[in-house]
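What follows is a short report on a single structure.
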There are 2 protein chains.
Amino acid sequence: MARVVVDVMLKPEILDPQGRAVQGALTRLGLSGVTDVRQGKRFEITLDGTLDPERETALNRLAEELLANPVIEDFTLRIDEGAG
Amino acid sequence: MARVVVDVMLKPEILDPQGRAVQGALTRLGLSGVTDVRQGKRFEITLDGTLDPERETALNRLAEELLANPVIEDFTLRIDEGAG
């Protein structure tokens, strides 16, 4: 079994109003010195068997095409082989 | 400068229709053997100075109260001190 984590975040140059709202709330609720908050998405994907190169390529392609919007988002993909 | 990453995921026993939709799409688009997908949120928080115990406590409290809904979600908090 392989476990893959894909993190999708807005590119640094794209405004993040959700993150900005969270930043304001954290400060208002008593946490000092918050200079930036970015909010993104996290996908935890569980796969049967091992992740051969072919499936890894498919996964990279789909992370870019389906999970992220490459115009405004960056993604990182981490493989945690043999989890579970 | 301290960087903190908070990951918020639905508890395992809570149905995740978004994750289920992504699972269906991954399979349809050519990735075989996807047994589970969970979708959650990721917050990247940047803080001025160092994270003393008082601010760390505040951050833990706010992650639970503001960023996650403890009824249906779990969170993990990772501190990446001295980033940047």
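Labeling convention for the structure tokens: chains A, B, ... as they appear, residues from 1 per chain, ligands from 1 in order of appearance.
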Check: Got a sec to tell me which of chain B DSSP assigns to strand (DSSP E), as a VMD selection string?
Finding: chain B and resid 2 to 10 34 to 47 73 to 81
Margin query: Need the shell around region 35-48 of chain A: protein/DNA/RNA residues with any atom at most 8 Å away, counting only C-alpha atoms. Skip same-chain ones fewer than 5 positions apart. Format as JSON, numbers by chain?
Written below: {"A": [1, 2, 3, 4, 5, 6, 7, 8, 9, 10, 16, 18, 19, 20, 22, 23], "B": [7, 19, 33, 34, 35, 36, 37, 38, 39, 40, 41, 42, 43, 44, 45, 46, 47, 48]}
Suppose we keep N, CA, C and O atoms; can you now write the selection as a compact mmCIF listing (two decimals), in the first residue's frame?
```txt
# COMPACT_ATOMS: atom_id res chain seq x y z
N MET A 1 0.84 -1.19 0.00
CA MET A 1 0.00 0.00 0.00
C MET A 1 0.88 1.24 0.00
O MET A 1 1.87 1.30 0.72
N ALA A 2 0.54 2.19 -0.82
CA ALA A 2 1.29 3.45 -0.87
C ALA A 2 0.36 4.60 -0.47
O ALA A 2 -0.83 4.57 -0.77
N ARG A 3 0.94 5.53 0.22
CA ARG A 3 0.17 6.70 0.60
C ARG A 3 0.85 7.93 0.01
O ARG A 3 2.06 8.08 0.12
N VAL A 4 0.06 8.75 -0.66
CA VAL A 4 0.62 9.92 -1.32
C VAL A 4 -0.09 11.15 -0.78
O VAL A 4 -1.32 11.16 -0.63
N VAL A 5 0.69 12.17 -0.44
CA VAL A 5 0.10 13.42 0.03
C VAL A 5 0.40 14.50 -1.00
O VAL A 5 1.55 14.70 -1.39
N VAL A 6 -0.65 15.14 -1.49
CA VAL A 6 -0.49 16.25 -2.44
C VAL A 6 -0.95 17.53 -1.75
O VAL A 6 -2.10 17.62 -1.30
N ASP A 7 -0.04 18.49 -1.64
CA ASP A 7 -0.39 19.80 -1.08
C ASP A 7 -0.52 20.79 -2.22
O ASP A 7 0.38 20.89 -3.07
N VAL A 8 -1.62 21.50 -2.25
CA VAL A 8 -1.86 22.49 -3.31
C VAL A 8 -2.00 23.86 -2.66
O VAL A 8 -2.86 24.06 -1.80
N MET A 9 -1.11 24.77 -3.03
CA MET A 9 -1.14 26.13 -2.47
C MET A 9 -1.21 27.15 -3.61
O MET A 9 -0.65 26.90 -4.68
N LEU A 10 -1.85 28.27 -3.33
CA LEU A 10 -1.82 29.37 -4.31
C LEU A 10 -0.37 29.80 -4.53
O LEU A 10 0.44 29.78 -3.59
N ASP A 16 -4.44 35.93 -1.55
CA ASP A 16 -5.15 34.85 -0.86
C ASP A 16 -6.09 35.45 0.18
O ASP A 16 -5.72 35.59 1.35
N GLN A 18 -8.73 34.33 1.66
CA GLN A 18 -9.04 33.41 2.78
C GLN A 18 -7.94 33.44 3.82
O GLN A 18 -8.16 33.57 5.01
N GLY A 19 -6.69 33.34 3.33
CA GLY A 19 -5.54 33.39 4.24
C GLY A 19 -5.49 34.72 4.97
O GLY A 19 -5.19 34.77 6.17
N ARG A 20 -5.80 35.79 4.26
CA ARG A 20 -5.79 37.12 4.86
C ARG A 20 -6.83 37.22 5.98
O ARG A 20 -6.58 37.79 7.04
N VAL A 22 -7.97 34.71 7.78
CA VAL A 22 -7.48 33.90 8.90
C VAL A 22 -6.41 34.67 9.66
O VAL A 22 -6.38 34.66 10.90
N GLN A 23 -5.54 35.35 8.93
CA GLN A 23 -4.49 36.16 9.57
C GLN A 23 -5.11 37.20 10.51
O GLN A 23 -4.70 37.36 11.67
N ASP B 7 -2.28 21.26 9.32
CA ASP B 7 -3.08 20.45 8.42
C ASP B 7 -4.37 20.06 9.12
O ASP B 7 -4.33 19.57 10.24
N GLY B 19 -13.53 14.10 -1.21
CA GLY B 19 -12.48 13.10 -1.44
C GLY B 19 -12.98 11.97 -2.31
O GLY B 19 -12.26 11.48 -3.19
N GLY B 33 -6.11 1.53 -8.97
CA GLY B 33 -5.83 1.10 -7.60
C GLY B 33 -5.95 2.16 -6.53
O GLY B 33 -5.37 2.03 -5.46
N VAL B 34 -6.71 3.22 -6.81
CA VAL B 34 -6.91 4.24 -5.78
C VAL B 34 -7.97 3.73 -4.81
O VAL B 34 -9.12 3.52 -5.19
N THR B 35 -7.59 3.49 -3.57
CA THR B 35 -8.54 2.92 -2.62
C THR B 35 -9.19 3.97 -1.72
O THR B 35 -10.24 3.74 -1.16
N ASP B 36 -8.54 5.13 -1.58
CA ASP B 36 -9.14 6.16 -0.72
C ASP B 36 -8.52 7.52 -1.03
O ASP B 36 -7.33 7.61 -1.32
N VAL B 37 -9.34 8.55 -0.97
CA VAL B 37 -8.84 9.92 -1.05
C VAL B 37 -9.55 10.74 0.02
O VAL B 37 -10.77 10.65 0.17
N ARG B 38 -8.77 11.47 0.80
CA ARG B 38 -9.34 12.40 1.78
C ARG B 38 -8.86 13.80 1.42
O ARG B 38 -7.70 13.99 1.11
N GLN B 39 -9.77 14.75 1.45
CA GLN B 39 -9.39 16.13 1.15
C GLN B 39 -9.48 16.98 2.41
O GLN B 39 -10.47 16.92 3.15
N GLY B 40 -8.45 17.76 2.67
CA GLY B 40 -8.46 18.63 3.83
C GLY B 40 -7.87 19.99 3.51
O GLY B 40 -7.68 20.33 2.34
N LYS B 41 -7.57 20.72 4.56
CA LYS B 41 -7.05 22.07 4.40
C LYS B 41 -5.64 22.16 4.95
O LYS B 41 -5.27 21.43 5.86
N ARG B 42 -4.86 23.05 4.39
CA ARG B 42 -3.49 23.28 4.85
C ARG B 42 -3.30 24.77 5.05
O ARG B 42 -3.63 25.57 4.17
N PHE B 43 -2.82 25.15 6.23
CA PHE B 43 -2.54 26.55 6.51
C PHE B 43 -1.05 26.72 6.71
O PHE B 43 -0.44 25.99 7.50
N GLU B 44 -0.45 27.67 6.03
CA GLU B 44 0.96 28.01 6.24
C GLU B 44 0.99 29.37 6.92
O GLU B 44 0.59 30.38 6.33
N ILE B 45 1.45 29.39 8.16
CA ILE B 45 1.41 30.59 8.98
C ILE B 45 2.84 31.06 9.21
O ILE B 45 3.70 30.29 9.63
N THR B 46 3.11 32.33 8.92
CA THR B 46 4.43 32.92 9.15
C THR B 46 4.33 33.87 10.33
O THR B 46 3.42 34.71 10.38
N LEU B 47 5.28 33.73 11.27
CA LEU B 47 5.27 34.54 12.48
C LEU B 47 6.58 35.29 12.63
O LEU B 47 7.64 34.75 12.31
N ASP B 48 6.49 36.50 13.12
CA ASP B 48 7.67 37.30 13.46
C ASP B 48 8.40 36.69 14.65
O ASP B 48 7.75 36.17 15.56
```
Check: Taking only C-alpha atoms into account, which of B:Leu15, B:Ala63, B:Leu51, B:Ala58 comes nearest chain A?
Finding: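 For chain A, the nearest of the given residues is B:Ala58.
CA of Leu31 (chain A) to CA of Thr76 (chain A) spans 28.5 Å [interatomic distance, one decimal].
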Next item on the list: Give me, please, the distance in Å between CA of Phe75 (chain B) and CA of Lys11 (chain B), quoted to one decimal.
Entry: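 Between CA of Phe75 (chain B) and CA of Lys11 (chain B) the gap works out to 9.1 Å.
Going from CA of Ala25 (chain B) to CA of Asp74 (chain B) covers 25.3 Å.
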